[in-house]
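Listing of final02.cif; format and content: mmCIF, C-alpha atoms and all ligand atoms.
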```cif
data_structure
#
loop_
_atom_site.label_atom_id
_atom_site.label_comp_id
_atom_site.auth_asym_id
_atom_site.auth_seq_id
_atom_site.Cartn_x
_atom_site.Cartn_y
_atom_site.Cartn_z
CA MET A 1 -37.93 -57.58 42.12
CA SER A 2 -41.04 -55.73 43.28
CA ARG A 3 -40.72 -55.96 47.05
CA ILE A 4 -40.91 -53.10 49.46
CA VAL A 5 -38.57 -54.77 51.93
CA ARG A 6 -35.66 -55.98 49.90
CA PRO A 7 -34.18 -59.35 50.90
CA ARG A 8 -30.99 -59.14 52.86
CA VAL A 9 -28.04 -60.79 51.14
CA PHE A 10 -24.57 -61.38 52.51
CA VAL A 11 -21.68 -61.85 50.08
CA THR A 12 -18.61 -63.29 51.72
CA ARG A 13 -16.03 -61.37 49.61
CA GLN A 14 -15.72 -58.65 47.01
CA LEU A 15 -16.24 -60.14 43.56
CA PRO A 16 -14.73 -59.00 40.25
CA GLY A 17 -16.80 -57.47 37.46
CA GLU A 18 -20.21 -55.85 37.45
CA ALA A 19 -22.20 -58.57 39.20
CA LEU A 20 -22.35 -57.06 42.67
CA GLY A 21 -23.46 -53.73 41.25
CA ARG A 22 -26.38 -55.54 39.63
CA LEU A 23 -27.19 -57.37 42.86
CA GLY A 24 -27.06 -54.12 44.85
CA GLY A 25 -29.92 -52.77 42.73
CA GLU A 26 -32.14 -55.68 43.76
CA VAL A 27 -31.39 -56.58 47.37
CA ASP A 28 -30.27 -55.17 50.67
CA LEU A 29 -26.64 -56.02 50.09
CA ARG A 30 -23.85 -56.51 52.57
CA VAL A 31 -20.43 -57.46 51.21
CA TRP A 32 -17.57 -58.67 53.40
CA GLU A 33 -14.72 -56.30 52.61
CA GLY A 34 -11.90 -58.28 54.20
CA GLU A 35 -9.13 -59.77 52.09
CA LEU A 36 -9.51 -62.89 54.22
CA PRO A 37 -12.86 -64.67 54.51
CA PRO A 38 -15.16 -63.94 57.45
CA SER A 39 -14.31 -66.12 60.44
CA ARG A 40 -16.76 -68.86 61.31
CA ASN A 41 -18.37 -66.69 63.98
CA GLU A 42 -18.61 -63.73 61.63
CA LEU A 43 -20.20 -65.89 58.95
CA LEU A 44 -22.70 -67.33 61.43
CA ALA A 45 -23.57 -63.85 62.66
CA GLU A 46 -24.16 -62.56 59.12
CA ALA A 47 -26.09 -65.65 58.04
CA ALA A 48 -28.42 -65.25 61.03
CA HIS A 49 -29.99 -62.18 59.36
CA ALA A 50 -29.65 -63.16 55.71
CA GLU A 51 -32.21 -64.40 53.23
CA GLY A 52 -29.49 -65.03 50.66
CA LEU A 53 -25.83 -65.98 50.89
CA VAL A 54 -23.23 -65.72 48.14
CA THR A 55 -20.40 -67.96 49.26
CA LEU A 56 -16.95 -69.04 48.13
CA LEU A 57 -15.25 -72.36 48.61
CA THR A 58 -13.71 -70.97 51.81
CA ASP A 59 -17.12 -70.67 53.49
CA ARG A 60 -18.68 -73.71 55.14
CA VAL A 61 -22.45 -73.89 54.88
CA ASP A 62 -23.55 -76.76 57.10
CA ALA A 63 -26.35 -77.83 59.40
CA GLU A 64 -25.07 -75.59 62.20
CA LEU A 65 -25.16 -72.52 59.99
CA LEU A 66 -28.59 -73.40 58.63
CA ALA A 67 -29.94 -73.86 62.17
CA ARG A 68 -28.80 -70.34 63.00
CA ALA A 69 -30.16 -68.80 59.80
CA PRO A 70 -33.94 -69.12 60.05
CA GLY A 71 -34.64 -66.69 57.20
CA LEU A 72 -32.17 -68.17 54.71
CA ARG A 73 -33.80 -68.95 51.33
CA ALA A 74 -30.91 -69.12 48.89
CA VAL A 75 -27.25 -70.11 48.76
CA SER A 76 -25.15 -69.34 45.71
CA ASN A 77 -21.59 -70.62 45.53
CA VAL A 78 -19.13 -68.80 43.28
CA ALA A 79 -17.49 -72.05 42.13
CA VAL A 80 -18.37 -75.13 40.21
CA GLY A 81 -17.34 -77.28 43.20
CA TYR A 82 -19.62 -77.19 46.23
CA ASP A 83 -17.99 -79.51 48.73
CA ASN A 84 -18.07 -76.60 51.20
CA ILE A 85 -21.86 -76.86 51.28
CA ASP A 86 -24.01 -79.51 52.91
CA VAL A 87 -26.44 -79.76 50.00
CA ARG A 88 -28.55 -82.40 51.72
CA ALA A 89 -29.09 -80.16 54.75
CA CYS A 90 -30.01 -77.27 52.42
CA THR A 91 -32.42 -79.50 50.50
CA ASP A 92 -34.06 -80.58 53.78
CA ARG A 93 -34.68 -76.88 54.43
CA ARG A 94 -35.82 -76.38 50.79
CA ILE A 95 -32.95 -73.98 50.21
CA PRO A 96 -31.70 -74.02 46.61
CA VAL A 97 -27.93 -74.12 46.16
CA GLY A 98 -26.43 -72.63 43.00
CA ASN A 99 -23.01 -73.19 41.44
CA THR A 100 -21.15 -71.93 38.36
CA PRO A 101 -20.45 -74.77 35.91
CA GLY A 102 -19.36 -74.30 32.31
CA VAL A 103 -17.94 -70.80 32.41
CA LEU A 104 -14.68 -71.89 34.00
CA THR A 105 -14.11 -75.09 32.04
CA GLU A 106 -11.64 -73.83 29.43
CA THR A 107 -9.81 -71.50 31.81
CA THR A 108 -9.31 -74.31 34.31
CA ALA A 109 -8.15 -76.68 31.57
CA ASP A 110 -5.67 -74.04 30.36
CA PHE A 111 -4.21 -73.87 33.83
CA ALA A 112 -4.09 -77.64 34.30
CA PHE A 113 -2.07 -77.71 31.11
CA ALA A 114 0.12 -74.84 32.27
CA LEU A 115 0.90 -76.84 35.41
CA LEU A 116 1.55 -79.98 33.38
CA MET A 117 3.98 -78.16 31.09
CA GLY A 118 5.51 -76.13 33.91
CA LEU A 119 6.25 -79.26 35.92
CA SER A 120 7.48 -81.43 33.08
CA ARG A 121 9.76 -78.72 31.65
CA ARG A 122 10.75 -77.24 35.04
CA VAL A 123 9.66 -73.71 34.19
CA ALA A 124 9.58 -72.37 37.77
CA GLU A 125 13.01 -73.83 38.51
CA ALA A 126 14.40 -72.32 35.31
CA ASP A 127 13.05 -68.88 36.22
CA ALA A 128 14.51 -69.10 39.74
CA PHE A 129 17.82 -70.28 38.30
CA VAL A 130 18.16 -67.29 35.95
CA ARG A 131 17.05 -64.77 38.58
CA ALA A 132 19.55 -66.19 41.08
CA GLY A 133 22.38 -65.38 38.65
CA LYS A 134 23.27 -69.07 38.27
CA TRP A 135 23.18 -69.09 34.45
CA ARG A 136 26.83 -69.23 33.41
CA THR A 137 26.69 -71.01 30.06
CA TRP A 138 24.54 -73.14 27.77
CA SER A 139 24.86 -76.66 29.08
CA PRO A 140 23.76 -79.95 27.54
CA THR A 141 22.66 -81.21 30.95
CA LEU A 142 21.03 -78.11 32.40
CA LEU A 143 17.49 -78.47 33.81
CA LEU A 144 16.55 -81.52 31.78
CA GLY A 145 12.85 -82.26 31.82
CA THR A 146 10.35 -84.78 30.50
CA ASP A 147 8.78 -84.70 27.04
CA ILE A 148 5.05 -84.26 26.96
CA HIS A 149 4.54 -84.99 23.27
CA GLY A 150 4.14 -88.71 22.87
CA ALA A 151 3.52 -89.24 26.60
CA THR A 152 0.41 -90.88 28.05
CA LEU A 153 -2.01 -88.72 30.00
CA GLY A 154 -4.39 -90.38 32.46
CA ILE A 155 -7.46 -88.28 33.13
CA VAL A 156 -9.41 -89.04 36.28
CA GLY A 157 -12.97 -87.84 35.68
CA LEU A 158 -13.90 -87.06 32.07
CA GLY A 159 -16.48 -84.36 32.82
CA ALA A 160 -16.35 -80.96 31.14
CA ILE A 161 -12.94 -79.96 32.52
CA GLY A 162 -11.38 -83.40 32.07
CA ALA A 163 -12.58 -83.41 28.45
CA ALA A 164 -11.17 -79.91 27.84
CA VAL A 165 -7.80 -81.11 29.18
CA ALA A 166 -8.02 -84.19 26.93
CA ARG A 167 -8.52 -81.93 23.88
CA ARG A 168 -5.42 -79.95 24.76
CA ALA A 169 -3.50 -83.17 25.27
CA ARG A 170 -4.38 -84.40 21.80
CA GLY A 171 -3.05 -81.13 20.40
CA PHE A 172 0.23 -81.92 22.13
CA GLY A 173 0.36 -85.39 20.62
CA MET A 174 -0.39 -87.22 23.86
CA ARG A 175 -2.14 -90.56 24.21
CA VAL A 176 -5.18 -90.14 26.45
CA LEU A 177 -6.58 -92.69 28.90
CA TYR A 178 -9.42 -91.97 31.28
CA VAL A 179 -11.42 -93.35 34.15
CA SER A 180 -14.94 -92.10 34.58
CA ARG A 181 -18.20 -93.42 35.98
CA GLN A 182 -19.82 -93.05 32.59
CA PRO A 183 -18.15 -93.98 29.29
CA ARG A 184 -17.78 -90.98 26.95
CA LYS A 185 -18.10 -92.61 23.55
CA ASP A 186 -18.33 -89.18 21.88
CA LEU A 187 -14.95 -88.19 23.25
CA GLU A 188 -13.47 -91.59 22.53
CA ALA A 189 -14.39 -91.02 18.89
CA GLU A 190 -13.34 -87.36 18.87
CA LEU A 191 -10.08 -87.68 20.80
CA GLY A 192 -9.15 -91.31 20.59
CA ALA A 193 -9.34 -91.34 24.41
CA ARG A 194 -9.55 -94.84 25.87
CA ARG A 195 -11.59 -95.73 28.96
CA VAL A 196 -9.59 -98.04 31.21
CA ASP A 197 -9.81 -99.28 34.78
CA LYS A 198 -8.09 -97.45 37.60
CA ARG A 199 -5.17 -99.88 37.80
CA THR A 200 -4.40 -99.58 34.07
CA LEU A 201 -4.60 -95.81 34.17
CA LEU A 202 -2.19 -95.64 37.10
CA ALA A 203 0.22 -98.16 35.61
CA GLU A 204 0.36 -96.70 32.10
CA SER A 205 0.12 -92.92 32.55
CA ASP A 206 3.18 -90.70 32.45
CA VAL A 207 1.00 -87.90 33.81
CA VAL A 208 -2.15 -88.30 35.90
CA SER A 209 -4.49 -85.31 36.00
CA LEU A 210 -7.38 -85.17 38.48
CA HIS A 211 -10.79 -83.78 37.50
CA VAL A 212 -13.33 -85.22 39.93
CA PRO A 213 -15.34 -83.30 42.51
CA LEU A 214 -14.56 -83.97 46.16
CA SER A 215 -17.13 -86.25 47.77
CA ALA A 216 -17.17 -89.12 50.24
CA GLU A 217 -16.53 -91.38 47.25
CA THR A 218 -13.53 -89.49 45.87
CA ARG A 219 -11.81 -88.46 49.13
CA HIS A 220 -8.27 -89.90 48.97
CA TRP A 221 -9.02 -91.45 45.58
CA LEU A 222 -5.27 -91.29 45.12
CA GLY A 223 -4.05 -92.97 48.29
CA ARG A 224 -0.94 -94.88 49.29
CA ALA A 225 -1.87 -97.99 47.29
CA GLU A 226 -2.75 -95.96 44.17
CA LEU A 227 0.47 -93.94 44.40
CA ALA A 228 2.41 -97.19 44.64
CA ALA A 229 0.59 -98.44 41.53
CA MET A 230 1.62 -95.40 39.46
CA LYS A 231 4.27 -95.71 36.81
CA PRO A 232 7.66 -94.97 38.42
CA GLY A 233 8.63 -91.35 37.76
CA ALA A 234 5.11 -90.33 36.70
CA LEU A 235 3.83 -86.79 37.28
CA LEU A 236 0.65 -85.77 39.08
CA VAL A 237 -1.42 -82.67 38.28
CA ASN A 238 -4.23 -81.68 40.63
CA THR A 239 -6.61 -78.83 39.81
CA ALA A 240 -9.62 -80.58 41.40
CA ARG A 241 -9.58 -80.61 45.21
CA GLY A 242 -6.73 -81.33 47.61
CA GLY A 243 -8.78 -83.95 49.45
CA VAL A 244 -8.88 -86.20 46.39
CA VAL A 245 -5.25 -87.03 47.20
CA ASP A 246 -3.87 -88.48 50.44
CA GLN A 247 -1.35 -85.70 50.85
CA ASP A 248 0.83 -87.49 53.41
CA ALA A 249 1.14 -90.45 51.09
CA LEU A 250 1.92 -88.10 48.21
CA ILE A 251 4.72 -86.45 50.19
CA GLU A 252 6.17 -89.89 50.95
CA ALA A 253 6.05 -90.92 47.28
CA LEU A 254 7.73 -87.66 46.23
CA ARG A 255 10.39 -87.91 48.91
CA GLU A 256 11.23 -91.48 47.95
CA GLY A 257 11.43 -90.48 44.28
CA ARG A 258 8.77 -92.99 43.25
CA LEU A 259 6.80 -90.14 41.75
CA GLY A 260 8.57 -87.81 39.34
CA GLY A 261 6.78 -84.71 40.58
CA ALA A 262 3.49 -83.07 41.43
CA ALA A 263 1.90 -79.83 40.27
CA LEU A 264 -0.78 -78.79 42.72
CA ASP A 265 -3.25 -75.96 42.45
CA VAL A 266 -5.24 -77.44 45.31
CA MET A 267 -4.05 -78.81 48.63
CA ASP A 268 -5.33 -80.14 51.89
CA PRO A 269 -5.66 -77.92 53.85
CA GLU A 270 -5.73 -74.59 52.06
CA PRO A 271 -3.82 -72.41 52.42
CA LEU A 272 -0.94 -74.88 52.66
CA PRO A 273 0.79 -74.47 56.05
CA ALA A 274 4.23 -72.87 55.79
CA ASP A 275 5.85 -75.93 57.38
CA SER A 276 4.37 -78.44 54.92
CA PRO A 277 7.08 -80.63 53.38
CA LEU A 278 5.52 -79.79 50.00
CA MET A 279 7.04 -76.32 50.39
CA THR A 280 10.58 -77.66 50.27
CA LEU A 281 10.39 -80.62 47.92
CA PRO A 282 12.17 -79.75 44.66
CA ASN A 283 9.93 -81.72 42.30
CA VAL A 284 6.76 -79.89 43.29
CA LEU A 285 5.07 -76.95 41.58
CA LEU A 286 2.55 -75.11 43.75
CA ALA A 287 -0.19 -72.59 42.97
CA PRO A 288 -2.73 -70.97 45.31
CA HIS A 289 -5.96 -72.45 43.86
CA ILE A 290 -6.07 -70.15 40.83
CA ALA A 291 -7.00 -72.47 37.96
CA SER A 292 -10.15 -70.46 37.14
CA ALA A 293 -8.48 -67.10 37.82
CA SER A 294 -8.74 -65.15 34.59
CA HIS A 295 -10.40 -61.73 34.58
CA ALA A 296 -13.11 -62.84 32.17
CA THR A 297 -13.89 -66.15 33.86
CA ARG A 298 -14.05 -64.82 37.40
CA GLY A 299 -16.37 -62.06 36.17
CA ARG A 300 -18.62 -64.66 34.52
CA MET A 301 -18.63 -66.82 37.65
CA ALA A 302 -19.72 -63.84 39.76
CA SER A 303 -22.44 -62.96 37.27
CA MET A 304 -23.73 -66.52 37.15
CA ALA A 305 -23.76 -66.68 40.95
CA VAL A 306 -25.86 -63.50 41.06
CA ASP A 307 -28.30 -64.94 38.49
CA ASN A 308 -28.63 -68.09 40.60
CA LEU A 309 -29.21 -66.12 43.77
CA LEU A 310 -31.80 -63.77 42.31
CA ALA A 311 -33.74 -66.66 40.77
CA ALA A 312 -33.86 -68.45 44.12
CA LEU A 313 -34.94 -65.32 45.98
CA GLU A 314 -37.75 -64.88 43.46
CA GLY A 315 -38.88 -68.41 44.21
CA ARG A 316 -37.61 -69.92 40.95
CA ARG A 317 -35.19 -72.81 40.61
CA PRO A 318 -31.74 -71.27 39.95
CA PRO A 319 -30.48 -71.83 36.39
CA HIS A 320 -27.61 -73.84 37.88
CA CYS A 321 -28.90 -75.65 40.90
CA VAL A 322 -27.19 -78.61 42.55
CA ASN A 323 -30.04 -79.83 44.75
CA PRO A 324 -31.54 -83.08 43.47
C1 LIG B 401 -14.29 -74.23 41.53
O1 LIG B 401 -14.99 -73.49 40.83
O2 LIG B 401 -14.75 -75.20 42.11
C2 LIG B 401 -12.83 -73.92 41.60
O3 LIG B 401 -12.14 -74.70 42.45
C3 LIG B 401 -12.60 -72.46 41.86
O4 LIG B 401 -12.86 -71.85 40.65
#
```
Would you mind writing the file's structure down as structure tokens?
Ligand code: DGY
Amino acid sequence: MSRIVRPRVFVTRQLPGEALGRLGGEVDLRVWEGELPPSRNELLAEAAHAEGLVTLLTDRVDAELLARAPGLRAVSNVAVGYDNIDVRACTDRRIPVGNTPGVLTETTADFAFALLMGLSRRVAEADAFVRAGKWRTWSPTLLLGTDIHGATLGIVGLGAIGAAVARRARGFGMRVLYVSRQPRKDLEAELGARRVDKRTLLAESDVVSLHVPLSAETRHWLGRAELAAMKPGALLVNTARGGVVDQDALIEALREGRLGGAALDVMDPEPLPADSPLMTLPNVLLAPHIASASHATRGRMASMAVDNLLAALEGRRPPHCVNP
């Protein structure tokens, strides 16, 4: 970038890999060094002087922030999801917003499957059991779980990640149903996946796995009525966004034993408060939003976010841009 005054960029956390080193060679870089995200006031103060922001899903970029950031020209989110960003407000200001699709698809699908298997075969409970010194003998009734082979998986949202989960499911001998705005005939042919309506998916799936972005349309997609319509004893896996599920209704369904269990990488809010009933329910497997957290994938996400940001600062459309 041949500018004498280099654009000021604020990155809201240290990122893994080489990407920030590359960015530092191009811009006047300030990186938030805290383990926790900048507070709202700290973010607003930094944004006020920034031409570019590299954000995470913990950082809200909304009309208020934009109003206080007159020089802002680029926002690059290190995530495929961008529900933390008011894209319409950015578009009104002609600020491109980048995201990181593709590079995290397989890693996220791996983790969705890890959660599915961990929940159905009670892996975390088994580990705690052994460590607590409770293992006294082999027992025919110890820690019985649910078979995944031969079970029906209901995928909500057959985008890239949903499709990657469906492929894994076929390898495990599962029957795959899906709901999606668009039919995916290619995947129906490849995987034998069947597109059904919401009610059928809920009624027939032994496991429901969520893969839709959070939007006004998908908030509480799985609400009280939908939970009641699920097959008794079914399992829920959520690696999408906590807000896709009505968490209070989920807790009720788990407490009453209508649902067999839930494996949640995402919750509402995050981090999950220590006094949330989810913390104490036995049939729940919890993870701290780490589905994309492999060394390689997080490095690629950071690199892609830097590419997006630099393109926008140079006045080009970022390679992965979510503005219409
Ligand atoms: C995303 O990318 O949206 C994930 O939630 C974090 O990797």
As a PDB file with C-alpha atoms, keeping the file's coordinate frame, please: every protein or nucleic acid residue near ligand LIG 401 (chain B) (cut-off 6 Å, counting all atoms listed in the file).
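As written to disk, selection.pdb reads:
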```
ATOM      1  CA  ALA A  79     -17.490 -72.050  42.130  1.00  0.00           C
ATOM      2  CA  VAL A  80     -18.370 -75.130  40.210  1.00  0.00           C
ATOM      3  CA  GLY A  81     -17.340 -77.280  43.200  1.00  0.00           C
ATOM      4  CA  SER A 292     -10.150 -70.460  37.140  1.00  0.00           C
TER       5      SER A 292
END
```
query = For Ile148 of chain A, which residue out of A:Asp197, A:Asn308, A:Ser180, A:Leu235 is the nearest one, using all atoms listed in the file?
reply = A:Leu235
At most 12 Å is the cut-off: for each residue in segment 49-160 of chain A with any atom that close to an atom of segment 249-261 of chain A, write down the nearest atom pair and the distance in Å rounded to one decimal, counting all atoms listed in the file, chain first then increasing number, as CSV.
```
residue,atom,partner,partner_atom,distance
A:Leu115,CA,A:Gly261,CA,11.1
A:Leu116,CA,A:Gly261,CA,10.1
A:Met117,CA,A:Gly261,CA,11.9
A:Gly118,CA,A:Gly261,CA,10.9
A:Leu119,CA,A:Gly261,CA,7.2
A:Ser120,CA,A:Gly261,CA,8.2
A:Arg121,CA,A:Gly261,CA,11.2
A:Arg122,CA,A:Gly261,CA,10.1
A:Gly145,CA,A:Gly260,CA,10.3
A:Thr146,CA,A:Gly260,CA,9.5
```
Resulting file, chosen residues, C-alpha atoms, as a PDB file, in the coordinates of the input:
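Okay, result-v1.pdb is ready:
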```pdb
ATOM      1  CA  LEU A 115       0.900 -76.840  35.410  1.00  0.00           C
ATOM      2  CA  LEU A 116       1.550 -79.980  33.380  1.00  0.00           C
ATOM      3  CA  MET A 117       3.980 -78.160  31.090  1.00  0.00           C
ATOM      4  CA  GLY A 118       5.510 -76.130  33.910  1.00  0.00           C
ATOM      5  CA  LEU A 119       6.250 -79.260  35.920  1.00  0.00           C
ATOM      6  CA  SER A 120       7.480 -81.430  33.080  1.00  0.00           C
ATOM      7  CA  ARG A 121       9.760 -78.720  31.650  1.00  0.00           C
ATOM      8  CA  ARG A 122      10.750 -77.240  35.040  1.00  0.00           C
ATOM      9  CA  GLY A 145      12.850 -82.260  31.820  1.00  0.00           C
ATOM     10  CA  THR A 146      10.350 -84.780  30.500  1.00  0.00           C
TER      11      THR A 146
END
```
request  = Between atom CA of Arg219 of chain A and atom CA of Thr239 of chain A, measure the distance and give it in Å to one decimal.
outcome  =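 Computed distance, atom CA of Arg219 of chain A to atom CA of Thr239 of chain A, equals 14.4 Å.
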inquiry  = Could you check the closest approach to Ile85 of chain A for each of A:Thr137, A:Ser39, A:Asn323, A:Thr107 and tell me which residue wins, using only C-alpha atoms?
reply    =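 Of the candidates, the smallest distance to Ile85 of chain A is held by A:Asn323.
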request  = Measuring atom to atom with only C-alpha atoms, identify which of A:His49, A:Trp221, A:Gly24, A:Arg170 is nearest to Gly192 of chain A.
outcome  =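 Closest residue, counting only C-alpha atoms: A:Arg170.
Counting all atoms listed in the file, the residue from A:Arg199, A:His295, A:His289, A:Arg194 that sits nearest to Ala240 of chain A is A:His289.
In terms of minimum interatomic distance to Gly243 of chain A, A:Leu222 ranks closest within A:Leu222, A:Leu15, A:Leu65, A:Leu153, counting all atoms listed in the file.
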